[in-house]
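Raw contents of entry_9.txt, compact mmCIF, C-alpha atoms and all ligand atoms:
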```txt
# COMPACT_ATOMS: atom_id res chain seq x y z
CA ASN L 1 36.93 -24.98 -39.26
CA ALA L 2 34.07 -27.41 -39.63
CA VAL L 3 34.52 -29.10 -36.28
CA SER L 4 34.41 -25.96 -34.19
CA TYR L 5 31.53 -24.65 -36.29
CA SER L 6 29.39 -27.68 -35.68
CA ARG L 7 30.36 -27.66 -32.04
CA ARG L 8 29.30 -24.07 -31.74
CA ARG L 9 25.97 -24.91 -33.31
CA VAL L 10 25.40 -27.66 -30.82
CA VAL L 11 26.18 -25.29 -27.98
CA THR L 12 23.75 -22.60 -29.16
CA TYR L 13 20.96 -25.04 -30.01
CA GLN L 14 20.96 -27.17 -26.91
CA PRO L 15 19.69 -24.83 -24.18
CA ALA L 16 16.64 -23.79 -26.16
CA MET L 17 15.85 -27.35 -27.17
CA ARG L 18 16.39 -28.62 -23.66
CA ALA L 19 14.17 -25.90 -22.22
CA GLU L 20 11.47 -26.82 -24.70
CA MET L 21 11.72 -30.52 -23.84
CA GLU L 22 11.68 -29.76 -20.11
CA ARG L 23 8.62 -27.58 -20.53
CA ARG L 24 6.88 -30.33 -22.49
CA THR L 25 7.71 -32.86 -19.76
CA ILE L 26 6.42 -30.54 -17.02
CA VAL L 27 3.19 -29.88 -18.92
CA GLU L 28 2.74 -33.54 -19.76
CA ASN L 29 3.29 -34.63 -16.16
CA ALA L 30 0.87 -32.02 -14.82
CA LEU L 31 -1.86 -32.68 -17.39
CA ALA L 32 -3.42 -35.95 -16.17
CA ARG L 33 -3.74 -34.63 -12.63
CA ALA L 34 -5.13 -31.32 -13.89
CA ILE L 35 -7.85 -33.13 -15.86
CA GLU L 36 -8.68 -35.23 -12.81
CA ALA L 37 -8.79 -32.12 -10.58
CA ASN L 38 -11.07 -30.26 -13.03
CA GLU L 39 -8.43 -27.64 -13.78
CA CYS L 40 -9.12 -28.01 -17.49
CA LEU L 41 -12.48 -26.39 -18.09
CA PRO L 42 -14.47 -25.20 -21.05
CA HIS L 43 -14.71 -21.58 -22.08
CA PHE L 44 -17.34 -20.62 -24.62
CA GLN L 45 -16.98 -18.65 -27.82
CA PRO L 46 -20.20 -17.12 -29.20
CA GLN L 47 -21.33 -17.91 -32.72
CA PHE L 48 -23.27 -15.27 -34.62
CA ASN L 49 -25.77 -14.90 -37.37
CA LEU L 50 -23.94 -12.34 -39.52
CA MET L 51 -27.18 -10.98 -40.97
CA THR L 52 -29.22 -10.45 -37.82
CA GLY L 53 -26.46 -10.05 -35.26
CA ARG L 54 -28.00 -12.67 -32.99
CA ILE L 55 -26.00 -15.26 -31.10
CA PHE L 56 -27.28 -18.72 -32.03
CA GLY L 57 -24.70 -20.90 -30.31
CA VAL L 58 -21.42 -21.30 -28.49
CA GLU L 59 -18.34 -23.46 -29.01
CA ALA L 60 -16.71 -25.04 -25.95
CA LEU L 61 -12.92 -24.64 -25.96
CA ALA L 62 -10.69 -26.20 -23.30
CA ARG L 63 -8.84 -23.81 -20.98
CA TRP L 64 -6.23 -24.74 -18.39
CA TYR L 65 -5.04 -22.53 -15.56
CA HIS L 66 -2.02 -24.02 -13.74
CA SER L 67 -1.25 -22.55 -10.30
CA GLU L 68 2.46 -22.10 -11.11
CA LEU L 69 2.63 -21.98 -14.87
CA GLY L 70 -0.41 -19.74 -15.37
CA TRP L 71 -2.63 -20.13 -18.43
CA ILE L 72 -1.48 -22.91 -20.73
CA SER L 73 -2.70 -22.64 -24.30
CA PRO L 74 -4.68 -25.44 -25.98
CA SER L 75 -2.21 -25.23 -28.85
CA GLU L 76 0.35 -26.47 -26.32
CA PHE L 77 -1.57 -29.05 -24.28
CA ILE L 78 -4.01 -30.46 -26.85
CA PRO L 79 -1.22 -31.89 -29.08
CA ILE L 80 0.46 -33.37 -25.98
CA ALA L 81 -2.86 -34.85 -24.86
CA GLU L 82 -3.46 -36.26 -28.33
CA ARG L 83 -0.05 -37.93 -28.29
CA ASN L 84 -0.27 -39.50 -24.84
CA GLY L 85 -3.98 -40.38 -24.88
CA ASP L 86 -5.08 -37.91 -22.16
CA ILE L 87 -7.25 -36.26 -24.82
CA VAL L 88 -9.89 -38.93 -24.20
CA SER L 89 -10.46 -38.14 -20.52
CA LEU L 90 -10.02 -34.42 -21.20
CA GLY L 91 -12.56 -34.56 -24.03
CA TRP L 92 -15.21 -36.32 -21.94
CA LYS L 93 -14.72 -33.84 -19.07
CA ILE L 94 -15.08 -30.86 -21.39
CA LEU L 95 -18.17 -32.43 -22.97
CA GLU L 96 -19.87 -33.17 -19.66
CA THR L 97 -19.09 -29.78 -18.10
CA SER L 98 -20.10 -27.79 -21.15
CA CYS L 99 -23.35 -29.76 -21.57
CA SER L 100 -24.37 -28.83 -18.03
CA GLU L 101 -23.09 -25.25 -18.06
CA VAL L 102 -24.71 -24.32 -21.36
CA GLN L 103 -28.09 -24.92 -19.76
CA LEU L 104 -27.57 -21.67 -17.82
CA LEU L 105 -28.06 -19.95 -21.19
CA PRO L 106 -31.29 -19.51 -23.16
CA SER L 107 -32.72 -22.81 -24.33
CA ASP L 108 -32.57 -22.11 -28.04
CA LEU L 109 -28.77 -21.91 -28.07
CA SER L 110 -26.67 -24.69 -29.57
CA LEU L 111 -23.46 -26.06 -28.07
CA SER L 112 -20.53 -27.19 -30.20
CA VAL L 113 -17.90 -29.47 -28.67
CA ASN L 114 -14.68 -30.65 -30.32
CA LEU L 115 -14.40 -34.43 -30.52
CA SER L 116 -10.92 -35.93 -30.88
CA VAL L 117 -10.16 -38.86 -33.15
CA ALA L 118 -9.23 -41.01 -30.13
CA GLN L 119 -12.71 -40.40 -28.68
CA ILE L 120 -14.42 -41.31 -31.96
CA LEU L 121 -12.38 -44.48 -32.26
CA SER L 122 -13.13 -45.60 -28.70
CA ASP L 123 -15.66 -48.45 -28.59
CA ASP L 124 -18.01 -46.76 -26.17
CA VAL L 125 -18.25 -43.36 -27.91
CA VAL L 126 -21.98 -43.61 -28.71
CA ALA L 127 -22.84 -44.84 -25.20
CA MET L 128 -20.68 -42.09 -23.67
CA LEU L 129 -22.56 -39.41 -25.62
CA ASP L 130 -25.94 -40.94 -24.86
CA GLU L 131 -25.16 -41.16 -21.14
CA CYS L 132 -23.78 -37.62 -21.05
CA LEU L 133 -26.99 -36.25 -22.55
CA GLY L 134 -29.04 -38.33 -20.10
CA ARG L 135 -27.05 -37.17 -17.07
CA THR L 136 -26.91 -33.48 -17.97
CA GLY L 137 -30.41 -33.26 -19.45
CA LEU L 138 -29.21 -31.42 -22.56
CA PRO L 139 -31.47 -32.23 -25.55
CA ALA L 140 -29.46 -33.95 -28.29
CA SER L 141 -30.75 -31.43 -30.82
CA ARG L 142 -28.80 -28.66 -29.04
CA LEU L 143 -25.46 -30.46 -29.29
CA LYS L 144 -23.04 -30.38 -32.21
CA LEU L 145 -19.83 -32.37 -32.34
CA GLU L 146 -16.89 -30.98 -34.32
CA VAL L 147 -14.47 -33.31 -36.03
CA THR L 148 -11.51 -32.09 -38.06
CA GLU L 149 -10.65 -33.06 -41.57
CA THR L 150 -7.46 -34.80 -40.38
CA THR L 151 -9.65 -37.04 -38.20
CA LEU L 152 -11.31 -38.42 -41.32
CA MET L 153 -7.95 -39.49 -42.72
CA SER L 154 -7.33 -42.05 -39.99
CA ASP L 155 -10.17 -44.49 -40.76
CA LEU L 156 -12.86 -42.88 -42.90
CA ARG L 157 -15.27 -45.85 -43.06
CA ARG L 158 -15.28 -46.57 -39.38
CA ILE L 159 -15.55 -42.90 -38.47
CA GLN L 160 -18.45 -42.32 -40.85
CA THR L 161 -20.30 -45.30 -39.35
CA THR L 162 -19.83 -43.83 -35.87
CA LEU L 163 -20.90 -40.37 -36.98
CA VAL L 164 -24.09 -41.83 -38.49
CA GLU L 165 -24.85 -43.51 -35.14
CA LEU L 166 -24.26 -40.26 -33.28
CA ARG L 167 -26.52 -38.45 -35.70
CA SER L 168 -29.25 -40.99 -35.09
CA LEU L 169 -29.20 -39.88 -31.44
CA GLY L 170 -30.16 -36.45 -32.79
CA ILE L 171 -26.72 -34.86 -32.35
CA GLY L 172 -25.44 -32.51 -35.09
CA ILE L 173 -22.10 -33.24 -36.76
CA SER L 174 -19.76 -30.49 -37.88
CA LEU L 175 -16.64 -30.62 -40.05
CA ASP L 176 -14.04 -28.35 -38.40
CA ASP L 177 -11.10 -26.49 -39.98
CA PHE L 178 -12.24 -27.28 -43.51
CA GLY L 179 -9.92 -26.09 -46.24
CA VAL L 180 -6.56 -26.78 -44.66
CA GLY L 181 -4.92 -30.16 -44.72
CA TYR L 182 -5.99 -32.45 -47.54
CA SER L 183 -9.51 -31.16 -48.15
CA ALA L 184 -11.07 -33.64 -50.53
CA LEU L 185 -14.33 -32.80 -52.26
CA SER L 186 -15.57 -36.22 -51.14
CA TYR L 187 -15.34 -35.12 -47.50
CA LEU L 188 -18.10 -32.63 -48.29
CA THR L 189 -20.27 -34.94 -50.34
CA ASP L 190 -19.89 -38.45 -48.83
CA PHE L 191 -21.42 -37.53 -45.50
CA GLY L 192 -24.40 -35.40 -44.54
CA TRP L 193 -22.69 -32.78 -42.40
CA ASP L 194 -24.99 -30.55 -40.41
CA GLU L 195 -22.30 -27.89 -40.53
CA ILE L 196 -19.04 -27.13 -42.29
CA LYS L 197 -16.62 -24.79 -40.52
CA ILE L 198 -14.29 -23.00 -42.87
CA ASP L 199 -10.79 -22.63 -41.42
CA ARG L 200 -9.98 -19.15 -40.16
CA SER L 201 -7.14 -18.66 -42.64
CA PHE L 202 -9.85 -18.10 -45.28
CA ALA L 203 -11.30 -15.10 -43.43
CA THR L 204 -8.00 -13.32 -43.99
CA LYS L 205 -7.36 -14.57 -47.51
CA ALA L 206 -10.87 -13.78 -48.78
CA VAL L 207 -10.30 -10.06 -48.34
CA LYS L 208 -7.21 -10.00 -50.56
CA ASP L 209 -7.91 -12.64 -53.15
CA LYS L 210 -10.85 -12.92 -55.54
CA LYS L 211 -9.95 -16.54 -56.33
CA ILE L 212 -10.41 -17.41 -52.67
CA ARG L 213 -13.79 -15.68 -52.70
CA ASP L 214 -14.82 -17.71 -55.75
CA ILE L 215 -13.68 -20.94 -54.09
CA LEU L 216 -15.67 -20.05 -50.97
CA LYS L 217 -18.75 -19.40 -53.12
CA MET L 218 -18.27 -22.85 -54.64
CA VAL L 219 -18.05 -24.45 -51.19
CA LEU L 220 -21.20 -22.55 -50.15
CA GLY L 221 -22.95 -23.95 -53.23
CA ILE L 222 -21.90 -27.53 -52.52
CA ALA L 223 -22.91 -27.15 -48.88
CA GLU L 224 -26.33 -25.86 -49.91
CA THR L 225 -26.80 -28.85 -52.21
CA MET L 226 -25.84 -31.14 -49.35
CA GLY L 227 -28.05 -29.34 -46.83
CA SER L 228 -25.10 -28.33 -44.64
CA GLN L 229 -24.79 -24.90 -43.04
CA VAL L 230 -21.46 -23.10 -43.43
CA LEU L 231 -19.78 -21.22 -40.57
CA ILE L 232 -16.71 -19.05 -41.11
CA GLU L 233 -14.17 -19.08 -38.28
CA GLY L 234 -11.76 -16.39 -37.17
CA ILE L 235 -13.52 -13.20 -38.29
CA GLU L 236 -11.38 -10.44 -36.79
CA THR L 237 -12.25 -7.28 -38.73
CA VAL L 238 -15.33 -5.48 -40.02
CA GLU L 239 -13.82 -5.63 -43.50
CA GLN L 240 -13.54 -9.42 -43.34
CA ARG L 241 -17.14 -9.68 -42.13
CA ASP L 242 -18.42 -7.45 -44.93
CA VAL L 243 -16.55 -9.32 -47.65
CA LEU L 244 -17.76 -12.67 -46.29
CA VAL L 245 -21.39 -11.50 -46.02
CA ASP L 246 -21.12 -10.18 -49.54
CA ILE L 247 -20.30 -13.62 -50.96
CA GLY L 248 -23.14 -15.24 -49.04
CA CYS L 249 -21.73 -16.33 -45.67
CA THR L 250 -24.45 -16.15 -43.04
CA ILE L 251 -22.90 -17.39 -39.79
CA GLY L 252 -19.51 -16.97 -38.14
CA GLN L 253 -17.38 -16.65 -35.05
CA GLY L 254 -14.24 -14.68 -34.27
CA TYR L 255 -12.58 -12.08 -32.08
CA LEU L 256 -14.57 -9.31 -33.82
CA PHE L 257 -17.66 -10.62 -32.05
CA GLY L 258 -16.02 -12.16 -29.00
CA GLY L 259 -13.36 -14.67 -27.98
CA PRO L 260 -13.83 -17.71 -25.77
CA MET L 261 -15.04 -16.68 -22.28
CA ALA L 262 -16.01 -18.27 -18.97
CA ILE L 263 -19.65 -19.27 -18.56
CA ASP L 264 -20.27 -16.39 -16.11
CA ASP L 265 -19.10 -13.85 -18.67
CA ILE L 266 -21.13 -15.36 -21.47
CA THR L 267 -24.18 -15.47 -19.20
CA THR L 268 -23.69 -11.79 -18.36
CA LEU L 269 -23.34 -11.05 -22.05
CA PHE L 270 -26.74 -12.59 -22.60
CA PHE L 271 -28.81 -11.45 -19.75
CA SER L 272 -27.47 -7.95 -19.13
CA ASP L 273 -27.92 -6.46 -22.56
CA HIS L 274 -28.18 -8.70 -25.53
CA SER L 275 -27.78 -5.90 -28.03
CA LYS L 276 -24.41 -5.05 -26.49
CA SER L 277 -23.26 -8.58 -27.13
CA THR L 278 -23.37 -7.84 -30.80
CA LEU L 279 -21.47 -4.59 -30.31
CA ALA L 280 -18.11 -4.68 -31.97
CA GLY L 281 -19.11 -6.78 -34.90
CA LEU L 282 -22.60 -5.81 -35.90
P1 LIG W 1 -10.83 -25.04 -33.15
O1 LIG W 1 -11.82 -26.05 -32.70
O2 LIG W 1 -10.75 -24.80 -34.62
O3 LIG W 1 -11.18 -23.72 -32.36
C1 LIG W 1 -11.00 -22.43 -32.87
C2 LIG W 1 -9.74 -21.81 -32.34
O4 LIG W 1 -9.57 -20.51 -32.92
C3 LIG W 1 -9.74 -21.57 -30.83
O5 LIG W 1 -8.39 -21.68 -30.39
C4 LIG W 1 -10.22 -20.14 -30.73
O6 LIG W 1 -9.85 -19.50 -29.52
C5 LIG W 1 -9.50 -19.54 -31.89
N1 LIG W 1 -10.16 -18.34 -32.42
C6 LIG W 1 -11.45 -17.98 -32.32
N2 LIG W 1 -11.70 -16.82 -32.96
C7 LIG W 1 -10.51 -16.41 -33.47
C8 LIG W 1 -10.12 -15.25 -34.25
O7 LIG W 1 -10.90 -14.37 -34.57
N3 LIG W 1 -8.81 -15.19 -34.61
C9 LIG W 1 -7.92 -16.15 -34.25
N4 LIG W 1 -6.65 -16.00 -34.63
N5 LIG W 1 -8.25 -17.25 -33.53
C10 LIG W 1 -9.54 -17.37 -33.15
P2 LIG W 1 -8.00 -22.48 -29.09
O8 LIG W 1 -9.04 -22.30 -28.04
O9 LIG W 1 -6.59 -22.13 -28.79
O10 LIG W 1 -8.09 -23.99 -29.53
C11 LIG W 1 -7.24 -24.51 -30.50
C12 LIG W 1 -7.69 -25.87 -30.96
O11 LIG W 1 -7.54 -26.81 -29.92
C13 LIG W 1 -9.16 -25.92 -31.35
O12 LIG W 1 -9.34 -25.44 -32.67
C14 LIG W 1 -9.43 -27.40 -31.23
O13 LIG W 1 -9.00 -28.08 -32.39
C15 LIG W 1 -8.53 -27.79 -30.09
N6 LIG W 1 -9.35 -27.90 -28.86
C16 LIG W 1 -9.70 -26.94 -27.97
N7 LIG W 1 -10.48 -27.45 -27.00
C17 LIG W 1 -10.63 -28.78 -27.28
C18 LIG W 1 -11.33 -29.88 -26.65
O14 LIG W 1 -12.04 -29.74 -25.64
N8 LIG W 1 -11.22 -31.11 -27.26
C19 LIG W 1 -10.49 -31.29 -28.40
N9 LIG W 1 -10.43 -32.53 -28.93
N10 LIG W 1 -9.83 -30.31 -29.00
C20 LIG W 1 -9.90 -29.05 -28.46
MG MG W 2 -13.68 -26.43 -33.21
MG MG W 3 -11.70 -24.73 -36.27
MG MG W 4 -8.44 -26.01 -35.02
```

Written as structure tokens, how would this file's structure read?
Ligand code: C2E
Ligand code: MG
Ligand code: MG
Ligand code: MG
Amino acid sequence: NAVSYSRRRVVTYQPAMRAEMERRTIVENALARAIEANECLPHFQPQFNLMTGRIFGVEALARWYHSELGWISPSEFIPIAERNGDIVSLGWKILETSCSEVQLLPSDLSLSVNLSVAQILSDDVVAMLDECLGRTGLPASRLKLEVTETTLMSDLRRIQTTLVELRSLGIGISLDDFGVGYSALSYLTDFGWDEIKIDRSFATKAVKDKKIRDILKMVLGIAETMGSQVLIEGIETVEQRDVLVDIGCTIGQGYLFGGPMAIDDITTLFFSDHSKSTLAGL
């Protein structure tokens, strides 16, 4: 009957849900201390010119190794950090560390760092960036800040004003994960993005669907009009790369070329044999 049915459901659901909640609590409680103790560090994913095969930049992506829990994925701890506010201290740590570490690489390489909405909305964001560049010695022209489309939805006016100020320091501004969420055409045209990053779901869809390829061509056209460069994320296969190059994409990142790696590994990649770094993909 209905009562025993619903009771049974409760019994089967609870352990999994409780385990999930306990895990979240453990991660949340460990996070602030881990940030403080520099356990959350940037790894770097190379970004490639699809035509020449040269690396032109890297994106810093937060990585966390916990002594008992092992590697904890950003898809787990970033949403927690965004909810409880730890994303602000995490974000500044990742920025500072990546700005110094990237200087171990050749000086023409750019560095992209993800900037959370809470960081952009903090009053001292421009001063924080300015001071970080001063302390680490990284030229502003080498730094790009990535903001996601969803960030723009929280307070477009205020965020645009801040982004203009950051740009006036000489920092590049990139629109991340474009095409998912509520992509409005005005997001592309109301602000002078230095770069637009097309969400990785499009790398997969472009291969199968001509309509998607046509839409990408349209975005490339708008970006060209606006003077923004377009980077395609999540290129995993040679077929995807070829299709994307064919419609006019010139830069990208993805597992085909290399995933996020520690600074030592990316340095080795550079200085040992640069041609090998373009191996799998090009
Ligand atoms: P994102 O900024 O869009 O970064 C790209 C994500 O795609 C990374 O996941 C990267 O490892 C992954 N990726 C790269 N190439 C491929 C590919 O070929 N195939 C697939 N399937 N995935 C690929 P990750 O490192 O797990 O980071 C997830 C998200 O967490 C990032 O998405 C970013 O939004 C956020 N995040 C990471 N680090 C930071 C940080 O320091 N600050 C802030 N605010 N957010 C961060
Ligand atoms: Mg990003
Ligand atoms: Mg992205
Ligand atoms: Mg993302």

Next on the checklist: Quick one: residues within 9 Å of Lys217 (chain L), only C-alpha atoms, excluding same-chain residues fewer than 3 positions away - as a ChimeraX atom specification?
Outcome noted: /L:212-214,220-222,247-249

Residue contacts of Gly192 (chain L) (10 Å, only C-alpha atoms) excluding same-chain residues fewer than 3 positions away, as a PDB file with C-alpha atoms, in the frame of the given file:
```pdb
ATOM      1  CA  GLN L 160     -18.450 -42.320 -40.850  1.00  0.00           C
ATOM      2  CA  LEU L 163     -20.900 -40.370 -36.980  1.00  0.00           C
ATOM      3  CA  VAL L 164     -24.090 -41.830 -38.490  1.00  0.00           C
ATOM      4  CA  ARG L 167     -26.520 -38.450 -35.700  1.00  0.00           C
ATOM      5  CA  GLY L 172     -25.440 -32.510 -35.090  1.00  0.00           C
ATOM      6  CA  ILE L 173     -22.100 -33.240 -36.760  1.00  0.00           C
ATOM      7  CA  SER L 174     -19.760 -30.490 -37.880  1.00  0.00           C
ATOM      8  CA  TYR L 187     -15.340 -35.120 -47.500  1.00  0.00           C
ATOM      9  CA  LEU L 188     -18.100 -32.630 -48.290  1.00  0.00           C
ATOM     10  CA  THR L 189     -20.270 -34.940 -50.340  1.00  0.00           C
ATOM     11  CA  GLU L 195     -22.300 -27.890 -40.530  1.00  0.00           C
ATOM     12  CA  ALA L 223     -22.910 -27.150 -48.880  1.00  0.00           C
ATOM     13  CA  MET L 226     -25.840 -31.140 -49.350  1.00  0.00           C
ATOM     14  CA  GLY L 227     -28.050 -29.340 -46.830  1.00  0.00           C
ATOM     15  CA  SER L 228     -25.100 -28.330 -44.640  1.00  0.00           C
TER      16      SER L 228
END
```

Item to check | Minimum-distance residue to Asn84 (chain L), chosen among L:Thr25, L:Thr136, L:Gln253, L:Gln47 (using all atoms listed in the file) | outcome: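 Smallest distance to Asn84 (chain L) is found for L:Thr25.
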
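Going from CA of Thr151 (chain L) to CA of Gly179 (chain L) covers 13.6 Å.
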
Checklist entry - Which distance in Å separates CA of Asp108 (chain L) and atom C15 of ligand LIG 1 (chain W), to one decimal? => result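 Atom C15 of ligand LIG 1 (chain W) lies 24.8 Å from CA of Asp108 (chain L).
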
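The interatomic distance for the pair CA of Gln103 (chain L) and CA of Leu143 (chain L) works out to 11.3 Å.
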
Checklist entry - Which neighbours of Gln45 (chain L) fall inside 7 Å, counting only C-alpha atoms, when residues of the same chain fewer than 5 positions from it are skipped, and could you give them as a list in words? => result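 These residues fall inside the cut-off: Val58, Glu59, Ala60, Gly258, Gly259, Pro260 and Met261 of chain L.
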